[in-house]
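Trainee: Enclosed is the structure file final09.pdb (PDB, C-alpha atoms, pLDDT in the B column).
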ATOM      1  CA  MET S   1      59.625 -24.263 -19.875  1.00 53.00           C
ATOM      2  CA  ASN S   2      61.237 -20.878 -20.177  1.00 54.00           C
ATOM      3  CA  LYS S   3      60.637 -17.950 -17.840  1.00 56.00           C
ATOM      4  CA  LEU S   4      58.117 -16.251 -20.185  1.00 50.00           C
ATOM      5  CA  SER S   5      56.081 -19.440 -20.574  1.00 53.00           C
ATOM      6  CA  THR S   6      56.024 -19.921 -16.788  1.00 52.00           C
ATOM      7  CA  MET S   7      54.833 -16.348 -16.274  1.00 51.00           C
ATOM      8  CA  ILE S   8      52.103 -16.746 -18.908  1.00 56.00           C
ATOM      9  CA  ALA S   9      50.964 -20.055 -17.360  1.00 54.00           C
ATOM     10  CA  ALA S  10      50.900 -18.480 -13.882  1.00 52.00           C
ATOM     11  CA  GLY S  11      48.969 -15.477 -15.221  1.00 53.00           C
ATOM     12  CA  LEU S  12      46.415 -17.733 -16.883  1.00 52.00           C
ATOM     13  CA  ALA S  13      46.008 -19.745 -13.684  1.00 53.00           C
ATOM     14  CA  VAL S  14      45.403 -16.585 -11.644  1.00 52.00           C
ATOM     15  CA  ALA S  15      42.954 -15.245 -14.266  1.00 54.00           C
ATOM     16  CA  SER S  16      41.069 -18.565 -14.302  1.00 55.00           C
ATOM     17  CA  PHE S  17      40.815 -18.556 -10.505  1.00 52.00           C
ATOM     18  CA  ALA S  18      39.625 -14.945 -10.457  1.00 55.00           C
ATOM     19  CA  ALA S  19      37.014 -15.652 -13.139  1.00 55.00           C
ATOM     20  CA  ALA S  20      35.768 -18.709 -11.257  1.00 53.00           C
ATOM     21  CA  ALA S  21      35.490 -16.909  -7.900  1.00 51.00           C
ATOM     22  CA  PRO S  22      32.218 -15.087  -8.712  1.00 57.00           C
ATOM     23  CA  ALA S  23      30.688 -18.373  -9.873  1.00 58.00           C
ATOM     24  CA  ALA S  24      31.462 -19.852  -6.468  1.00 61.00           C
ATOM     25  CA  ALA S  25      29.395 -17.190  -4.674  1.00 74.00           C
ATOM     26  CA  GLN S  26      26.160 -18.835  -3.596  1.00 88.00           C
ATOM     27  CA  LEU S  27      23.781 -16.287  -2.120  1.00 91.00           C
ATOM     28  CA  GLN S  28      20.469 -17.745  -1.080  1.00 91.00           C
ATOM     29  CA  VAL S  29      17.215 -15.941  -1.820  1.00 91.00           C
ATOM     30  CA  TYR S  30      15.309 -15.070   1.394  1.00 92.00           C
ATOM     31  CA  GLU S  31      18.422 -15.885   3.436  1.00 92.00           C
ATOM     32  CA  ASP S  32      20.948 -13.430   1.970  1.00 93.00           C
ATOM     33  CA  TYR S  33      18.581 -11.194   0.011  1.00 95.00           C
ATOM     34  CA  GLU S  34      14.891 -10.793  -0.562  1.00 94.00           C
ATOM     35  CA  PRO S  35      12.988  -9.579  -3.615  1.00 95.00           C
ATOM     36  CA  SER S  36      10.509  -6.878  -2.670  1.00 95.00           C
ATOM     37  CA  GLU S  37       6.797  -7.502  -3.115  1.00 96.00           C
ATOM     38  CA  GLU S  38       6.497  -3.975  -4.524  1.00 97.00           C
ATOM     39  CA  VAL S  39       6.876  -3.595  -8.282  1.00 97.00           C
ATOM     40  CA  ILE S  40       7.714  -0.365 -10.071  1.00 98.00           C
ATOM     41  CA  GLU S  41       6.666   0.207 -13.648  1.00 98.00           C
ATOM     42  CA  MET S  42       9.116   2.624 -15.267  1.00 98.00           C
ATOM     43  CA  THR S  43       8.320   4.335 -18.573  1.00 98.00           C
ATOM     44  CA  LEU S  44      11.100   6.157 -20.432  1.00 98.00           C
ATOM     45  CA  VAL S  45       9.808   9.085 -22.490  1.00 98.00           C
ATOM     46  CA  LYS S  46      11.497  11.334 -25.042  1.00 97.00           C
ATOM     47  CA  VAL S  47       9.648  14.670 -25.140  1.00 97.00           C
ATOM     48  CA  GLU S  48      10.440  16.969 -28.049  1.00 96.00           C
ATOM     49  CA  GLU S  49      12.560  19.989 -27.249  1.00 94.00           C
ATOM     50  CA  GLY S  50      10.437  22.917 -26.084  1.00 95.00           C
ATOM     51  CA  GLN S  51       7.397  20.719 -25.391  1.00 97.00           C
ATOM     52  CA  LEU S  52       8.062  19.618 -21.803  1.00 96.00           C
ATOM     53  CA  ASP S  53       5.640  22.105 -20.215  1.00 96.00           C
ATOM     54  CA  SER S  54       2.876  21.113 -22.668  1.00 96.00           C
ATOM     55  CA  TYR S  55       3.474  17.449 -21.934  1.00 97.00           C
ATOM     56  CA  LEU S  56       3.510  17.987 -18.167  1.00 97.00           C
ATOM     57  CA  GLU S  57       0.288  19.990 -18.388  1.00 96.00           C
ATOM     58  CA  GLY S  58      -1.310  17.112 -20.266  1.00 95.00           C
ATOM     59  CA  LEU S  59      -0.009  14.568 -17.739  1.00 97.00           C
ATOM     60  CA  LYS S  60      -1.462  16.601 -14.874  1.00 96.00           C
ATOM     61  CA  GLY S  61      -4.949  16.340 -16.363  1.00 94.00           C
ATOM     62  CA  THR S  62      -4.712  12.695 -17.433  1.00 96.00           C
ATOM     63  CA  TRP S  63      -2.000  10.432 -16.070  1.00 97.00           C
ATOM     64  CA  VAL S  64      -1.643  12.165 -12.685  1.00 97.00           C
ATOM     65  CA  LYS S  65      -5.429  12.360 -12.175  1.00 96.00           C
ATOM     66  CA  ALA S  66      -5.877   8.687 -13.101  1.00 96.00           C
ATOM     67  CA  ASN S  67      -3.048   7.658 -10.769  1.00 98.00           C
ATOM     68  CA  GLU S  68      -4.620   9.653  -7.927  1.00 97.00           C
ATOM     69  CA  VAL S  69      -7.840   7.674  -8.410  1.00 97.00           C
ATOM     70  CA  GLN S  70      -5.907   4.390  -8.447  1.00 97.00           C
ATOM     71  CA  LYS S  71      -4.031   5.441  -5.301  1.00 97.00           C
ATOM     72  CA  GLU S  72      -7.292   6.283  -3.508  1.00 97.00           C
ATOM     73  CA  LEU S  73      -8.664   2.871  -4.510  1.00 97.00           C
ATOM     74  CA  GLY S  74      -5.517   1.187  -3.139  1.00 97.00           C
ATOM     75  CA  TYR S  75      -4.462  -0.206  -6.519  1.00 97.00           C
ATOM     76  CA  ILE S  76      -1.113   1.583  -6.478  1.00 98.00           C
ATOM     77  CA  LYS S  77       1.188   2.859  -3.728  1.00 98.00           C
ATOM     78  CA  GLY S  78       2.328   5.932  -5.607  1.00 98.00           C
ATOM     79  CA  TYR S  79       3.722   7.412  -8.789  1.00 98.00           C
ATOM     80  CA  GLY S  80       6.390   9.859  -9.872  1.00 98.00           C
ATOM     81  CA  ILE S  81       7.626  12.032 -12.708  1.00 98.00           C
ATOM     82  CA  TYR S  82      11.396  12.449 -13.006  1.00 98.00           C
ATOM     83  CA  GLY S  83      13.296  14.782 -15.296  1.00 97.00           C
ATOM     84  CA  VAL S  84      16.593  13.536 -16.711  1.00 95.00           C
ATOM     85  CA  PRO S  85      19.084  16.429 -16.527  1.00 89.00           C
ATOM     86  CA  TYR S  86      21.845  14.649 -18.437  1.00 88.00           C
ATOM     87  CA  GLY S  87      22.499  11.414 -20.282  1.00 85.00           C
ATOM     88  CA  ASP S  88      22.702  10.139 -23.825  1.00 89.00           C
ATOM     89  CA  GLY S  89      19.472  11.880 -24.904  1.00 90.00           C
ATOM     90  CA  MET S  90      17.464   8.709 -25.534  1.00 95.00           C
ATOM     91  CA  PHE S  91      14.880   9.899 -23.002  1.00 96.00           C
ATOM     92  CA  ASN S  92      14.393  13.009 -20.910  1.00 96.00           C
ATOM     93  CA  LEU S  93      11.514  12.034 -18.649  1.00 97.00           C
ATOM     94  CA  VAL S  94      10.812   8.957 -16.530  1.00 98.00           C
ATOM     95  CA  LEU S  95       7.328   8.073 -15.294  1.00 98.00           C
ATOM     96  CA  THR S  96       6.986   5.556 -12.477  1.00 98.00           C
ATOM     97  CA  VAL S  97       4.045   3.767 -10.902  1.00 98.00           C
ATOM     98  CA  ARG S  98       4.578   1.781  -7.678  1.00 98.00           C
ATOM     99  CA  PHE S  99       2.357  -1.288  -7.333  1.00 98.00           C
ATOM    100  CA  PRO S 100       2.075  -3.117  -3.995  1.00 97.00           C
ATOM    101  CA  SER S 101       2.642  -6.433  -5.815  1.00 96.00           C
ATOM    102  CA  THR S 102       2.771  -8.051  -9.238  1.00 94.00           C
ATOM    103  CA  GLU S 103      -0.784  -9.245  -8.634  1.00 94.00           C
ATOM    104  CA  MET S 104      -2.022  -5.643  -8.707  1.00 95.00           C
ATOM    105  CA  MET S 105      -0.625  -5.278 -12.241  1.00 94.00           C
ATOM    106  CA  ALA S 106      -2.684  -8.187 -13.543  1.00 94.00           C
ATOM    107  CA  PRO S 107      -5.959  -7.574 -15.355  1.00 95.00           C
ATOM    108  CA  SER S 108      -8.996  -7.552 -13.080  1.00 97.00           C
ATOM    109  CA  ARG S 109     -12.547  -6.890 -14.208  1.00 97.00           C
ATOM    110  CA  GLU S 110     -13.541  -5.920 -10.660  1.00 97.00           C
ATOM    111  CA  ARG S 111     -10.725  -3.372 -10.263  1.00 97.00           C
ATOM    112  CA  TYR S 112     -11.367  -1.981 -13.745  1.00 96.00           C
ATOM    113  CA  MET S 113     -15.069  -1.465 -13.071  1.00 96.00           C
ATOM    114  CA  LYS S 114     -14.356   0.281  -9.749  1.00 97.00           C
ATOM    115  CA  PHE S 115     -11.757   2.482 -11.435  1.00 96.00           C
ATOM    116  CA  MET S 116     -14.127   3.411 -14.274  1.00 95.00           C
ATOM    117  CA  GLU S 117     -16.870   4.194 -11.764  1.00 95.00           C
ATOM    118  CA  ALA S 118     -14.503   6.573  -9.949  1.00 95.00           C
ATOM    119  CA  TRP S 119     -12.772   7.931 -13.084  1.00 94.00           C
ATOM    120  CA  GLY S 120     -15.812   8.240 -15.347  1.00 92.00           C
ATOM    121  CA  GLU S 121     -16.360   7.994 -19.087  1.00 90.00           C
ATOM    122  CA  ALA S 122     -15.819  11.753 -19.587  1.00 91.00           C
ATOM    123  CA  ASN S 123     -12.332  11.612 -18.063  1.00 92.00           C
ATOM    124  CA  MET S 124     -11.530   8.509 -20.121  1.00 93.00           C
ATOM    125  CA  GLU S 125     -12.581  10.200 -23.360  1.00 93.00           C
ATOM    126  CA  ASN S 126     -10.657  13.394 -22.496  1.00 92.00           C
ATOM    127  CA  SER S 127      -7.557  11.316 -21.721  1.00 93.00           C
ATOM    128  CA  ASN S 128      -7.827   9.401 -24.989  1.00 93.00           C
ATOM    129  CA  LYS S 129      -8.273  12.696 -26.884  1.00 94.00           C
ATOM    130  CA  THR S 130      -5.167  14.157 -25.193  1.00 94.00           C
ATOM    131  CA  VAL S 131      -3.146  11.090 -26.160  1.00 93.00           C
ATOM    132  CA  ARG S 132      -4.306  11.264 -29.780  1.00 93.00           C
ATOM    133  CA  GLU S 133      -4.056  15.017 -30.255  1.00 94.00           C
ATOM    134  CA  LEU S 134      -1.076  15.964 -28.077  1.00 93.00           C
ATOM    135  CA  TYR S 135       1.032  13.124 -26.711  1.00 95.00           C
ATOM    136  CA  ASN S 136       1.398  11.269 -30.011  1.00 94.00           C
ATOM    137  CA  LYS S 137       2.769  14.451 -31.604  1.00 96.00           C
ATOM    138  CA  ILE S 138       5.274  15.595 -28.950  1.00 97.00           C
ATOM    139  CA  ARG S 139       6.592  12.472 -27.253  1.00 97.00           C
ATOM    140  CA  LYS S 140       7.872   9.014 -27.974  1.00 97.00           C
ATOM    141  CA  ILE S 141       7.832   6.131 -25.480  1.00 97.00           C
ATOM    142  CA  GLN S 142      11.359   4.697 -25.472  1.00 97.00           C
ATOM    143  CA  GLY S 143      10.631   1.712 -23.244  1.00 97.00           C
ATOM    144  CA  VAL S 144       8.576   0.352 -20.378  1.00 98.00           C
ATOM    145  CA  TYR S 145      10.279  -1.711 -17.696  1.00 98.00           C
ATOM    146  CA  MET S 146       9.257  -3.520 -14.539  1.00 97.00           C
ATOM    147  CA  LEU S 147      11.571  -3.143 -11.553  1.00 97.00           C
ATOM    148  CA  ARG S 148      11.650  -5.098  -8.315  1.00 97.00           C
ATOM    149  CA  GLU S 149      14.002  -4.005  -5.554  1.00 96.00           C
ATOM    150  CA  ILE S 150      16.387  -6.608  -4.165  1.00 96.00           C
ATOM    151  CA  GLU S 151      16.909  -6.009  -0.466  1.00 95.00           C
ATOM    152  CA  MET S 152      20.256  -7.318   0.760  1.00 95.00           C
ATOM    153  CA  LYS S 153      20.336  -8.771   4.269  1.00 93.00           C
ATOM    154  CA  MET S 154      23.335  -8.001   6.415  1.00 89.00           C
TER
END
Spell out the structure here as structure tokens.
Mentor:
Amino acid sequence: MNKLSTMIAAGLAVASFAAAAPAAAQLQVYEDYEPSEEVIEMTLVKVEEGQLDSYLEGLKGTWVKANEVQKELGYIKGYGIYGVPYGDGMFNLVLTVRFPSTEMMAPSRERYMKFMEAWGEANMENSNKTVRELYNKIRKIQGVYMLREIEMKM
């Protein structure tokens, strides 16, 4: 074997060892890290240029109001609206809703009826009208994701 072949073989051996090292890591769930019970639903929204204030005004009367009712009922822990000051332009607004657990995201006739009692048919119709007449014209949903924090133990 010449010097070049030896160096290549040694390089491949080191690369193989380095690539295998991450596979050898064996963290144990609940021992080394723990998935949070809380779940965050994240919606990525692309609002047309010049329409952000109109969209936010609509959200205040629909999405924010509905989330306040859900928060009062204990169905969610909170919610947030985040502007995206820079990026690739795929979305410029992020809406989040924090649920205490995955279970609270599941359909429930009981929770729905309590929400509708608190929210009311008039608010539901106004929200649906806002979606049809405003939101569908000035924004595009780019994706909806579910996040669960992983808490590392030290």
Trainee: Enumerate, as a PyMOL selection string, the residues matched when the PyMOL selection byres ((chain S and resi 41) around 12) is run on the file above.
Mentor: chain S and resi 38-40+42-44+76-81+94-102+104-105+143-149
Trainee: What is the CA of Glu110 in chain S-CA of Ile141 in chain S distance in Å, reported with one decimal?
Mentor: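 Computing the Euclidean distance for CA of Glu110 in chain S and CA of Ile141 in chain S yields 28.7 Å.
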Trainee: Report, in Å with one decimal, the straight-line distance from CA of Gly120 in chain S to CA of Lys60 in chain S.
Mentor: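 One can read the CA of Gly120 in chain S to CA of Lys60 in chain S distance as 16.6 Å.
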Trainee: If we count all atoms listed in the file, what is near Glu49 in chain S at a cut-off of 10 Å, once residues fewer than 2 positions away on the same chain are taken out, given as a PyMOL selection string?
Mentor: chain S and resi 46-47+51-52+92+138-139
Trainee: Can you list, as a PyMOL selection string, every protein, DNA or RNA residue that comes within 12 Å of Asn136 in chain S when you count all atoms listed in the file, leaving out same-chain residues fewer than 6 positions away?
Mentor: chain S and resi 45-48+55+58+128-130
Trainee: Interatomic distance between CA of Trp63 in chain S and CA of Lys137 in chain S?
Mentor: 16.7 Å
Trainee: Given the choices S:Tyr75, S:Gln142, S:Pro35, S:Gln28, which gets closest to Met90 in chain S if the distance is worked out from all atoms listed in the file?
Mentor: S:Gln142
Trainee: Using all atoms listed in the file, pick whichever of S:Gln70, S:Glu133, S:Ile150, S:Pro85 has the shortest atom-to-atom distance to Tyr112 in chain S.
Mentor: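 Smallest separation from Tyr112 in chain S among the options: S:Gln70.
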Trainee: Given the choices S:Asp88, S:Glu125, S:Glu31, S:Glu37, which gets closest to Thr62 in chain S if the distance is worked out from only C-alpha atoms?
Mentor: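 So, comparing all the options, the nearest one is S:Glu125.
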Trainee: I want to know what sits within 12 Å of Tyr30 in chain S, based on all atoms listed in the file, with residues of the same chain fewer than 3 positions away left out; could you give that as a PyMOL selection string?
Mentor: chain S and resi 27+33-36+150-154
Trainee: Choose the residue, out of S:Gly61, S:Gln26, S:Val69, S:Gly50, that has the smallest atom-to-atom separation from Trp119 in chain S; count only C-alpha atoms.
Mentor: S:Val69
